[in-house]
Amino acid sequence: MRALDLKLMRDLWRMRGQALAIAVVLAAASATFILSMGVHRSLYETREAYYSENNFGDVFANMTRAPRSVLDQVSAIEGVQQAQGSIVQYAILDFPNRIEAVRALLQSVDERGRDRINLVSLKTGRMPAPGQPEEVVADEAFALANNVVLGHEFDAIIYGRMQRLKVVGIGLAPNYVNALAPGDIIPDDTRFGVFWMGEEALEAATDRTEAINTLSVKLQRDASQADVIRAIDRILEPYGGTGAFDRDDHPSHVFLDSELDQLEAMVKIFPPVFLLVATFLVYVVLGRMIRTQRSLIGLFKAFGYSDAAIAGHYLKFAIAIAILATILGAIAGVWMARELTELYARYYHFPILRFSFEPSVFFGASALAVASAAVGAVSGVWSAARLTPAVAMSPPPPPVYRAGMVERIGQNAGFSAIGHMIVRHIARWPARSSMTIGGVALSIGLLFSTLQFIDSSEFMLESYFFRSQQQDISVTFTEARNEDVLFELRQMPGVLRVEPVRGLSVEMNHGNRLERTALEAIPPSAKLTARIDQDGNVISMPPGGLMLSRQLADQLKVDPGDSVYVKMLGGRRTEAMLPVGATVDEFIGARAYATNETIEKLARDGAPVGAALLLIDPAERDNILTVLKTMPAVLSIGDRDLEMSRFEEMIDDNINTMLTFYIAFASAIAVGVVYNSARILFSERAHELATLRVLGYHRLEVAVVLIGEIALLVVISVPVGLMIGFWLAQLMLRMFGSDLFRLPFAPANATYGEAAIVVLIAALLTAVIVARRVMRLDMVRVLKARD
Amino acid sequence: MQLERNAFSGHDLRKIYVTGETEVHALRGVDFDIKKGESLVLLGPSGSGKSTLLNIVGGLDRPTSGTLHYDEIELTALDDRDLTRFRRANIGFIFQFYNLIPSLTAEENVRLVTDIASNPMDPGEALALVGLADRKHHYPAQLSGGEQQRVAVARAIAKQPSVLLCDEPTGALDSRTGVRVLETLEQANRELGTTLLIITHNAGIAAMADRVFHFLDGRIARIETNTHRISPSEISW
């Protein structure tokens, strides 16, 4: 090994604490990069492969009922490659020992295997055979959640008739990667599942011989999606078509997209923060190392080593740290990516979802780590290369101190001599002091912006379940009903109040923006739902106009006072220009509201009752659920308490796993920054600290010089960090929100404190570890060595 | 009475430094008494044990064996905390390379000591004593070597210590400045009764002391008593 490289190894070993502290921060960058980029790629590629293997459709449409022959018309549209029609039908499953209702979505499949779009992947068993109307394929996730195995038989109420079903296969399909029961906001595999049933059997069961109610289309490569959608809408209009849509509006696809967007947002936020801090650290540590090795550099140059050799030597120091970081980061990143992928596999139904370690992601992470270390090293390496031997071997000029502005204030405030030492040292090295403040502040900011996700979710939960939705049970009907069903519900013992939910499917248009949404009618007497503003006050309905959820208003780019063009999908298909009277901060879904009168004016009729909200006597709960479960008109039952606990469970699962990582990462930044600052401070001031000891200062009094400076910088970084966090949190919430939900910025006061305290503790513990060196300071040896 | 007149008394002091596998015997059994108010010069070649003795006497270091008393206190029995207290109360140090804190002005450097002393002078007064009253707001980097050493002297005498320990105080100074520093030290010894120990390579300085310890190989080879002390102004080098 060459002598210089030997020195490099020894320097690295001697400075192992500092090198490791930098490596950990850089490793956090690599790990978060591998985590988010790697999982993004795994998820994306798994999805693409699945879509292409199972031929996921490009355009979809639902309708009340259309003859199968419309498929010929649709196939004839220019740009359509294939069209496939099928029947979907909700059903109630009879699982005798379950109180809560178990619902199924029955999806027809061709018994003769002629399907070409949205193909089912069988995990085990086979597809339903012709002439065997009881045979079904169960969704894998549902089967796992409910212990359903091949040969399992159960009764189902389909279209009002009881029918025996038998599971002959277990599988999954690309149009149900994420399957939500109607009215639900999060998936629940124990209560809802998809079943594939023979086409002839489902036609017979639903009186739809040679008819379909949904279709999927594959497009040719160069087709115009918008033209095809318009053409399909025209064809389906007479059959109660509710408007064709592309993948971007496909519920299963949208869910996945929002997840992918979140991963992409993570790549944009976390790795850059860590890389920035690591660059600072390399700059500071290498700069100090080169200053202390000044005379050594002169000696090497006097021996005949070239400037380039010296520059290379110090650059290698930075690169070596980056390589260590890459290894640590890859180990941590892959481990976390596996955990996250496993979590996704629980919510998304793929034939196989595994984290695949992509070399390109690893190389990307390594390149970033090496580049950020190299950038941090540039200034130090440049100064080492430029030193001439003669200059290098003479001692550096002593630092010049001046009393700054803070000082003059301090003078009057009666600073002690130690106080002056601390304040002047900070002012003497403004760049380094700012970087310490910046680094610790970033760590506080990062921690705050991750911790507040809990507050945000809780606020969302609170706002949704405790303020806007005050019913105990919500009942979604199989099809739009008249008022009779409400009467029937009111008669049930234990039901205290019933409120109808009336809604229309509409398309809203403003400028060049178009959104499909539900327009809900709000009667003046509504007590179980409320639209509330951010402060929790109820917003009253604007007469004659619309109230839009903020999400929808943002998507349409409208403000109160603007008007939107509203078109009914289905029904009479009436259209009207309606003013937007107000917006409401709702976090889940994008919806619109209007008074009964406004809706009646638009629809020329009262809106049909699609669902009902119930307030019940808790004592009668089980009885009510048992009765509801057997009502054919009831499609699904939303149990507020259950939904809430599912929601909380999902938050726990999702957020807490990630949060543990990020608390560790944020602390890593604080530890890395403080450890390095304190070590440099100690090495710079060892001589002065020894002098103070000689003058009769006790060890703890001397440690104050070290800890005091760090503490002062850390304390200054708290407000800076919280400001960064305040801003970063809102950025992250914006990036993590999707069309499906919006995350409110509602940090609890305690979160500010928690973020600051975690970092303060990490920082001060680190400073104390370094300050222990003060305790071991050998006065005689330090004073003998000329600084 | 005998004890009261002795500031320090050392008995069979030995100091062995172990570095790796080699042992360096810095002191090989040193016995001495130093009287209160006495002025003493420690002479000898490099590595003969002068600085080691000075550090042990000043409570910066401990002997490997032997006993050392200051007044009635057995310094060799004190823990680190009490040794620090002892230094704080009794000892003023002056080094060859001044050891001023670069981030503090002359006055603040003196205040470092007066802040923690029990009966200190005013920092301004201490600086006036060394002739630097008008430079008290200057930082070390703005002062010449001689001025810096005088600040170090002011810092040492400001707490009115009973003992002044000086390790090559004039080693980095020219003759004229050196004399000036020595005069201040001599003045403290004469007017305040401060016990004065000076390490030097400069044999000329020895003439201003009451006694001279000649060091050789970790031992006091010879003790010389000056019947007539000369004033620093008569010294030159």
# chains A, B, ... in the order shown; residues from 1 in each chain; ligands from 1
call {"tool": "select_by_dssp", "arguments": {"residues": "stretch 89-242 of chain A", "states": "strand (DSSP E or B)", "output": "MDAnalysis selection string"}}
result
chainID A and resid 89:94 102:109 121:125 135:139 153:158 161:172 192:198 211:219
call {"tool": "interface_residues", "arguments": {"of": "chain A", "to": "chain B", "cutoff": "10 Å", "atoms": "only C-alpha atoms", "output": "NGL selection string"}}
result
:A and (397-403 or 416-418 or 420-425 or 428 or 685 or 687-699 or 778-780 or 783-784 or 786-787)
call {"tool": "select_by_dssp", "arguments": {"residues": "stretch 119-230 of chain B", "states": "helix (DSSP H, G or I)", "output": "VMD selection string"}}
result
chain B and resid 123 to 129 133 to 135 140 to 142 145 to 157 175 to 192 203 to 208
call {"tool": "write_last_selection", "arguments": {"atoms": "C-alpha atoms", "output": "mmCIF file, in the first residue's frame"}}
result
data_model
loop_
_atom_site.group_PDB
_atom_site.id
_atom_site.type_symbol
_atom_site.label_atom_id
_atom_site.label_comp_id
_atom_site.auth_asym_id
_atom_site.auth_seq_id
_atom_site.Cartn_x
_atom_site.Cartn_y
_atom_site.Cartn_z
ATOM 1 C CA PRO B 123 -8.289 43.551 36.346
ATOM 2 C CA GLY B 124 -7.476 47.139 35.319
ATOM 3 C CA GLU B 125 -5.171 47.532 38.268
ATOM 4 C CA ALA B 126 -3.348 44.300 37.418
ATOM 5 C CA LEU B 127 -2.854 45.489 33.845
ATOM 6 C CA ALA B 128 -1.629 48.866 35.108
ATOM 7 C CA LEU B 129 0.940 47.048 37.220
ATOM 8 C CA ALA B 133 -3.538 49.965 31.253
ATOM 9 C CA ASP B 134 -4.069 51.563 27.847
ATOM 10 C CA ARG B 135 -4.191 48.262 25.958
ATOM 11 C CA PRO B 140 -3.946 38.883 21.980
ATOM 12 C CA ALA B 141 -3.531 38.937 18.202
ATOM 13 C CA GLN B 142 -3.236 42.726 18.420
ATOM 14 C CA GLY B 145 4.894 38.923 22.276
ATOM 15 C CA GLY B 146 6.178 40.933 25.203
ATOM 16 C CA GLU B 147 2.811 42.568 25.739
ATOM 17 C CA GLN B 148 1.115 39.199 25.622
ATOM 18 C CA GLN B 149 3.482 37.853 28.248
ATOM 19 C CA ARG B 150 2.797 40.873 30.423
ATOM 20 C CA VAL B 151 -0.922 40.191 30.127
ATOM 21 C CA ALA B 152 -0.127 36.636 31.229
ATOM 22 C CA VAL B 153 1.776 38.057 34.213
ATOM 23 C CA ALA B 154 -1.103 40.388 35.040
ATOM 24 C CA ARG B 155 -3.455 37.426 34.827
ATOM 25 C CA ALA B 156 -1.232 35.453 37.191
ATOM 26 C CA ILE B 157 -0.801 38.166 39.816
ATOM 27 C CA SER B 175 16.191 41.031 26.438
ATOM 28 C CA ARG B 176 14.527 44.369 27.110
ATOM 29 C CA THR B 177 11.015 42.953 27.272
ATOM 30 C CA GLY B 178 12.247 39.999 29.273
ATOM 31 C CA VAL B 179 13.735 42.308 31.908
ATOM 32 C CA ARG B 180 10.478 44.153 32.145
ATOM 33 C CA VAL B 181 8.599 40.915 32.821
ATOM 34 C CA LEU B 182 11.165 39.813 35.393
ATOM 35 C CA GLU B 183 10.871 43.165 37.153
ATOM 36 C CA THR B 184 7.139 42.652 37.540
ATOM 37 C CA LEU B 185 7.695 39.194 38.967
ATOM 38 C CA GLU B 186 10.360 40.444 41.332
ATOM 39 C CA GLN B 187 8.074 43.251 42.441
ATOM 40 C CA ALA B 188 5.309 40.770 43.304
ATOM 41 C CA ASN B 189 7.812 38.698 45.263
ATOM 42 C CA ARG B 190 9.184 41.692 47.110
ATOM 43 C CA GLU B 191 6.053 43.718 47.759
ATOM 44 C CA LEU B 192 3.369 41.028 48.128
ATOM 45 C CA ALA B 203 21.903 31.236 33.906
ATOM 46 C CA GLY B 204 21.962 35.022 34.172
ATOM 47 C CA ILE B 205 18.495 35.072 35.645
ATOM 48 C CA ALA B 206 19.670 32.827 38.489
ATOM 49 C CA ALA B 207 21.358 35.804 40.130
ATOM 50 C CA MET B 208 18.024 37.465 40.961
#
call {"tool": "residues_around", "arguments": {"residues": "A:Gly57", "least_positions_apart": "3", "cutoff": "7 Å", "atoms": "only C-alpha atoms", "output": "ChimeraX atom specification"}}
result
/A:117-118,216-218
call {"tool": "residues_around", "arguments": {"residues": "B:Leu197", "least_positions_apart": "6", "cutoff": "10 Å", "atoms": "only C-alpha atoms", "output": "PyMOL selection string"}}
result
chain B and resi 34+38-42+54+57+93+163-167+185+209+211-212
call {"tool": "atom_distance", "arguments": {"atom1": "atom CA of A:Gly17", "atom2": "atom CA of A:Gly287"}}
result
16.4 Å
call {"tool": "closest_residue", "arguments": {"among": "A:Asn55, A:Gln225, A:Gln18, A:Thr476", "to": "A:Val770", "atoms": "only C-alpha atoms"}}
result
A:Gln18
call {"tool": "residues_around", "arguments": {"residues": "A:Leu324", "least_positions_apart": "3", "cutoff": "10 Å", "atoms": "only C-alpha atoms", "output": "VMD selection string"}}
result
chain A and resid 19 to 20 22 to 24 26 to 27 319 to 321 327 to 330 366 369
call {"tool": "write_last_selection", "arguments": {"atoms": "all heavy atoms", "output": "short mmCIF file (atom, residue, chain, number, x, y, z; two decimals), in the first residue's frame"}}
result
data_model
loop_
_atom_site.label_atom_id
_atom_site.label_comp_id
_atom_site.auth_asym_id
_atom_site.auth_seq_id
_atom_site.Cartn_x
_atom_site.Cartn_y
_atom_site.Cartn_z
N ALA A 19 -16.17 10.23 11.19
CA ALA A 19 -16.45 9.63 9.88
C ALA A 19 -17.75 8.84 9.94
O ALA A 19 -18.58 8.92 9.03
CB ALA A 19 -15.30 8.73 9.46
N LEU A 20 -17.94 8.11 11.02
CA LEU A 20 -19.15 7.30 11.15
C LEU A 20 -20.39 8.19 11.25
O LEU A 20 -21.42 7.90 10.65
CB LEU A 20 -19.03 6.39 12.39
CG LEU A 20 -20.11 5.34 12.50
CD1 LEU A 20 -19.97 4.31 11.39
CD2 LEU A 20 -20.05 4.64 13.85
N ILE A 22 -20.84 11.09 9.97
CA ILE A 22 -21.17 11.58 8.62
C ILE A 22 -21.78 10.44 7.80
O ILE A 22 -22.78 10.61 7.11
CB ILE A 22 -19.93 12.12 7.89
CG1 ILE A 22 -19.31 13.26 8.68
CG2 ILE A 22 -20.29 12.59 6.48
CD1 ILE A 22 -17.99 13.74 8.11
N ALA A 23 -21.14 9.26 7.92
CA ALA A 23 -21.61 8.12 7.13
C ALA A 23 -23.06 7.78 7.47
O ALA A 23 -23.84 7.43 6.58
CB ALA A 23 -20.71 6.91 7.38
N VAL A 24 -23.43 7.95 8.74
CA VAL A 24 -24.81 7.61 9.13
C VAL A 24 -25.80 8.56 8.46
O VAL A 24 -26.84 8.15 7.96
CB VAL A 24 -24.96 7.63 10.68
CG1 VAL A 24 -26.42 7.62 11.08
CG2 VAL A 24 -24.24 6.43 11.28
N LEU A 26 -25.27 10.23 5.65
CA LEU A 26 -25.28 9.90 4.22
C LEU A 26 -26.04 8.59 3.99
O LEU A 26 -26.74 8.44 2.99
CB LEU A 26 -23.84 9.71 3.74
CG LEU A 26 -23.20 10.85 2.96
CD1 LEU A 26 -21.85 10.43 2.46
CD2 LEU A 26 -24.07 11.28 1.79
N ALA A 27 -25.88 7.66 4.94
CA ALA A 27 -26.58 6.37 4.82
C ALA A 27 -28.08 6.58 4.87
O ALA A 27 -28.84 5.90 4.19
CB ALA A 27 -26.13 5.42 5.92
N ILE A 319 -14.59 10.23 -0.10
CA ILE A 319 -15.21 9.14 -0.88
C ILE A 319 -15.30 7.87 -0.02
O ILE A 319 -16.28 7.13 -0.10
CB ILE A 319 -14.38 8.85 -2.15
CG1 ILE A 319 -14.16 10.13 -2.94
CG2 ILE A 319 -15.01 7.73 -2.98
CD1 ILE A 319 -15.21 10.54 -3.89
N ALA A 320 -14.27 7.64 0.79
CA ALA A 320 -14.28 6.44 1.64
C ALA A 320 -15.49 6.47 2.57
O ALA A 320 -16.17 5.46 2.77
CB ALA A 320 -12.99 6.36 2.45
N ILE A 321 -15.79 7.67 3.11
CA ILE A 321 -16.96 7.81 3.98
C ILE A 321 -18.23 7.51 3.18
O ILE A 321 -19.13 6.81 3.64
CB ILE A 321 -17.02 9.23 4.58
CG1 ILE A 321 -15.84 9.42 5.54
CG2 ILE A 321 -18.34 9.47 5.29
CD1 ILE A 321 -15.73 10.82 6.12
N ILE A 327 -22.89 1.37 1.82
CA ILE A 327 -23.10 0.00 2.30
C ILE A 327 -24.14 0.00 3.43
O ILE A 327 -25.11 -0.75 3.39
CB ILE A 327 -21.77 -0.62 2.78
CG1 ILE A 327 -20.81 -0.72 1.60
CG2 ILE A 327 -22.00 -1.97 3.42
CD1 ILE A 327 -19.37 -1.01 1.97
N LEU A 328 -23.94 0.91 4.40
CA LEU A 328 -24.90 1.00 5.51
C LEU A 328 -26.30 1.33 4.98
O LEU A 328 -27.30 0.73 5.39
CB LEU A 328 -24.48 2.10 6.50
CG LEU A 328 -23.20 1.88 7.30
CD1 LEU A 328 -22.92 3.09 8.17
CD2 LEU A 328 -23.34 0.63 8.16
N GLY A 329 -26.34 2.29 4.04
CA GLY A 329 -27.61 2.75 3.49
C GLY A 329 -28.32 1.64 2.73
O GLY A 329 -29.54 1.50 2.80
N ALA A 330 -27.54 0.84 2.00
CA ALA A 330 -28.15 -0.24 1.23
C ALA A 330 -28.76 -1.28 2.16
O ALA A 330 -29.88 -1.73 1.95
CB ALA A 330 -27.11 -0.89 0.32
N SER A 366 -25.70 5.27 -4.58
CA SER A 366 -24.25 5.40 -4.37
C SER A 366 -23.73 6.67 -5.03
O SER A 366 -22.92 7.40 -4.45
CB SER A 366 -23.51 4.21 -4.95
OG SER A 366 -24.17 3.02 -4.66
N ALA A 369 -24.54 9.64 -2.96
CA ALA A 369 -23.74 9.73 -1.74
C ALA A 369 -22.33 10.21 -2.08
O ALA A 369 -21.79 11.11 -1.43
CB ALA A 369 -23.70 8.37 -1.05
#
call {"tool": "atom_distance", "arguments": {"atom1": "atom CA of A:Arg776", "atom2": "atom CA of B:Arg62"}}
result
14.7 Å
call {"tool": "closest_residue", "arguments": {"among": "A:Ser434, A:Thr529, A:Asn537, A:Thr478", "to": "A:Ile710", "atoms": "only C-alpha atoms"}}
result
A:Ser434
call {"tool": "closest_residue", "arguments": {"among": "B:Glu72, B:Asp12, B:Asn226, B:Asp122", "to": "B:Arg28", "atoms": "only C-alpha atoms"}}
result
B:Asp12
call {"tool": "decode", "arguments": {"residues": "stretch 148-263 of chain A", "atoms": "C-alpha atoms", "output": "mmCIF file, in the first residue's frame"}}
result
data_model
loop_
_atom_site.group_PDB
_atom_site.id
_atom_site.type_symbol
_atom_site.label_atom_id
_atom_site.label_comp_id
_atom_site.auth_asym_id
_atom_site.auth_seq_id
_atom_site.Cartn_x
_atom_site.Cartn_y
_atom_site.Cartn_z
ATOM 1 C CA VAL A 148 -62.205 -19.483 2.717
ATOM 2 C CA VAL A 149 -60.700 -22.533 0.998
ATOM 3 C CA LEU A 150 -61.475 -24.536 -2.140
ATOM 4 C CA GLY A 151 -64.740 -26.403 -1.788
ATOM 5 C CA HIS A 152 -66.101 -23.876 0.728
ATOM 6 C CA GLU A 153 -69.866 -23.448 0.251
ATOM 7 C CA PHE A 154 -72.108 -20.661 1.499
ATOM 8 C CA ASP A 155 -75.433 -18.989 0.761
ATOM 9 C CA ALA A 156 -75.646 -15.643 -0.968
ATOM 10 C CA ILE A 157 -78.534 -13.318 -1.619
ATOM 11 C CA ILE A 158 -78.162 -12.256 -5.230
ATOM 12 C CA TYR A 159 -80.701 -9.872 -6.682
ATOM 13 C CA GLY A 160 -83.087 -10.711 -3.867
ATOM 14 C CA ARG A 161 -82.771 -14.463 -4.272
ATOM 15 C CA MET A 162 -80.893 -16.884 -2.085
ATOM 16 C CA GLN A 163 -78.394 -18.996 -3.976
ATOM 17 C CA ARG A 164 -75.771 -21.521 -2.897
ATOM 18 C CA LEU A 165 -72.220 -20.732 -4.026
ATOM 19 C CA LYS A 166 -69.173 -22.999 -4.050
ATOM 20 C CA VAL A 167 -65.582 -21.828 -4.207
ATOM 21 C CA VAL A 168 -63.715 -23.670 -6.983
ATOM 22 C CA GLY A 169 -60.836 -21.284 -7.355
ATOM 23 C CA ILE A 170 -58.969 -18.537 -5.573
ATOM 24 C CA GLY A 171 -57.551 -15.734 -7.630
ATOM 25 C CA LEU A 172 -57.312 -12.041 -8.359
ATOM 26 C CA ALA A 173 -57.602 -9.598 -11.244
ATOM 27 C CA PRO A 174 -56.004 -6.260 -12.196
ATOM 28 C CA ASN A 175 -59.238 -4.269 -11.979
ATOM 29 C CA TYR A 176 -59.487 -5.099 -8.265
ATOM 30 C CA VAL A 177 -55.968 -4.425 -6.992
ATOM 31 C CA ASN A 178 -57.709 -2.339 -4.411
ATOM 32 C CA ALA A 179 -61.348 -3.178 -3.698
ATOM 33 C CA LEU A 180 -63.526 -0.900 -1.596
ATOM 34 C CA ALA A 181 -67.030 -1.676 -0.441
ATOM 35 C CA PRO A 182 -69.477 1.057 -1.463
ATOM 36 C CA GLY A 183 -69.573 3.779 1.178
ATOM 37 C CA ASP A 184 -66.282 2.660 2.740
ATOM 38 C CA ILE A 185 -63.203 4.803 2.876
ATOM 39 C CA ILE A 186 -60.670 2.076 3.528
ATOM 40 C CA PRO A 187 -60.506 -1.516 2.337
ATOM 41 C CA ASP A 188 -61.698 -4.232 4.697
ATOM 42 C CA ASP A 189 -61.055 -7.727 3.377
ATOM 43 C CA THR A 190 -62.980 -9.367 6.198
ATOM 44 C CA ARG A 191 -66.261 -7.706 5.235
ATOM 45 C CA PHE A 192 -66.019 -7.270 1.515
ATOM 46 C CA GLY A 193 -64.647 -9.338 -1.345
ATOM 47 C CA VAL A 194 -64.793 -9.821 -5.083
ATOM 48 C CA PHE A 195 -66.090 -13.105 -6.559
ATOM 49 C CA TRP A 196 -65.925 -14.178 -10.159
ATOM 50 C CA MET A 197 -68.991 -16.102 -11.312
ATOM 51 C CA GLY A 198 -69.873 -17.676 -14.647
ATOM 52 C CA GLU A 199 -71.497 -15.265 -17.075
ATOM 53 C CA GLU A 200 -74.493 -17.459 -17.825
ATOM 54 C CA ALA A 201 -74.998 -18.124 -14.137
ATOM 55 C CA LEU A 202 -74.893 -14.413 -13.244
ATOM 56 C CA GLU A 203 -77.122 -13.507 -16.215
ATOM 57 C CA ALA A 204 -79.662 -15.970 -14.919
ATOM 58 C CA ALA A 205 -79.308 -14.877 -11.319
ATOM 59 C CA THR A 206 -79.855 -11.213 -12.191
ATOM 60 C CA ASP A 207 -82.399 -11.551 -15.002
ATOM 61 C CA ARG A 208 -79.946 -10.056 -17.487
ATOM 62 C CA THR A 209 -79.912 -12.626 -20.234
ATOM 63 C CA GLU A 210 -77.671 -11.388 -23.048
ATOM 64 C CA ALA A 211 -77.297 -8.101 -21.205
ATOM 65 C CA ILE A 212 -74.410 -6.350 -19.526
ATOM 66 C CA ASN A 213 -74.016 -3.470 -17.061
ATOM 67 C CA THR A 214 -70.316 -2.752 -17.357
ATOM 68 C CA LEU A 215 -67.752 -2.788 -20.110
ATOM 69 C CA SER A 216 -64.004 -2.537 -20.488
ATOM 70 C CA VAL A 217 -62.159 -1.504 -23.598
ATOM 71 C CA LYS A 218 -58.599 -1.946 -24.814
ATOM 72 C CA LEU A 219 -57.421 0.820 -27.093
ATOM 73 C CA GLN A 220 -55.128 0.718 -30.059
ATOM 74 C CA ARG A 221 -51.752 2.275 -29.505
ATOM 75 C CA ASP A 222 -52.514 5.536 -31.327
ATOM 76 C CA ALA A 223 -56.138 5.881 -30.281
ATOM 77 C CA SER A 224 -57.537 9.113 -28.873
ATOM 78 C CA GLN A 225 -58.860 8.232 -25.472
ATOM 79 C CA ALA A 226 -61.081 11.303 -25.272
ATOM 80 C CA ASP A 227 -62.720 10.539 -28.639
ATOM 81 C CA VAL A 228 -63.375 6.930 -27.642
ATOM 82 C CA ILE A 229 -64.906 8.034 -24.327
ATOM 83 C CA ARG A 230 -67.204 10.473 -26.114
ATOM 84 C CA ALA A 231 -68.238 7.802 -28.610
ATOM 85 C CA ILE A 232 -68.953 5.258 -25.879
ATOM 86 C CA ASP A 233 -71.015 7.828 -23.957
ATOM 87 C CA ARG A 234 -73.141 8.421 -27.055
ATOM 88 C CA ILE A 235 -73.703 4.676 -27.567
ATOM 89 C CA LEU A 236 -74.565 4.017 -23.905
ATOM 90 C CA GLU A 237 -76.814 7.030 -23.388
ATOM 91 C CA PRO A 238 -80.040 5.112 -24.027
ATOM 92 C CA TYR A 239 -78.938 2.363 -21.645
ATOM 93 C CA GLY A 240 -78.393 4.490 -18.549
ATOM 94 C CA GLY A 241 -74.683 4.938 -19.121
ATOM 95 C CA THR A 242 -73.089 6.890 -16.327
ATOM 96 C CA GLY A 243 -70.166 8.102 -18.404
ATOM 97 C CA ALA A 244 -67.110 6.264 -19.651
ATOM 98 C CA PHE A 245 -63.804 6.914 -17.897
ATOM 99 C CA ASP A 246 -60.160 6.077 -18.310
ATOM 100 C CA ARG A 247 -57.688 4.514 -15.885
ATOM 101 C CA ASP A 248 -57.203 7.835 -14.097
ATOM 102 C CA ASP A 249 -60.757 7.568 -12.792
ATOM 103 C CA HIS A 250 -60.700 3.812 -12.201
ATOM 104 C CA PRO A 251 -61.043 3.400 -8.430
ATOM 105 C CA SER A 252 -58.494 0.600 -8.089
ATOM 106 C CA HIS A 253 -55.946 2.307 -10.324
ATOM 107 C CA VAL A 254 -56.364 5.678 -8.642
ATOM 108 C CA PHE A 255 -55.555 4.211 -5.248
ATOM 109 C CA LEU A 256 -52.326 2.750 -6.537
ATOM 110 C CA ASP A 257 -51.456 5.967 -8.314
ATOM 111 C CA SER A 258 -51.837 7.962 -5.140
ATOM 112 C CA GLU A 259 -49.502 5.532 -3.386
ATOM 113 C CA LEU A 260 -46.939 5.849 -6.173
ATOM 114 C CA ASP A 261 -47.214 9.636 -5.989
ATOM 115 C CA GLN A 262 -46.482 9.486 -2.269
ATOM 116 C CA LEU A 263 -43.380 7.406 -2.857
#
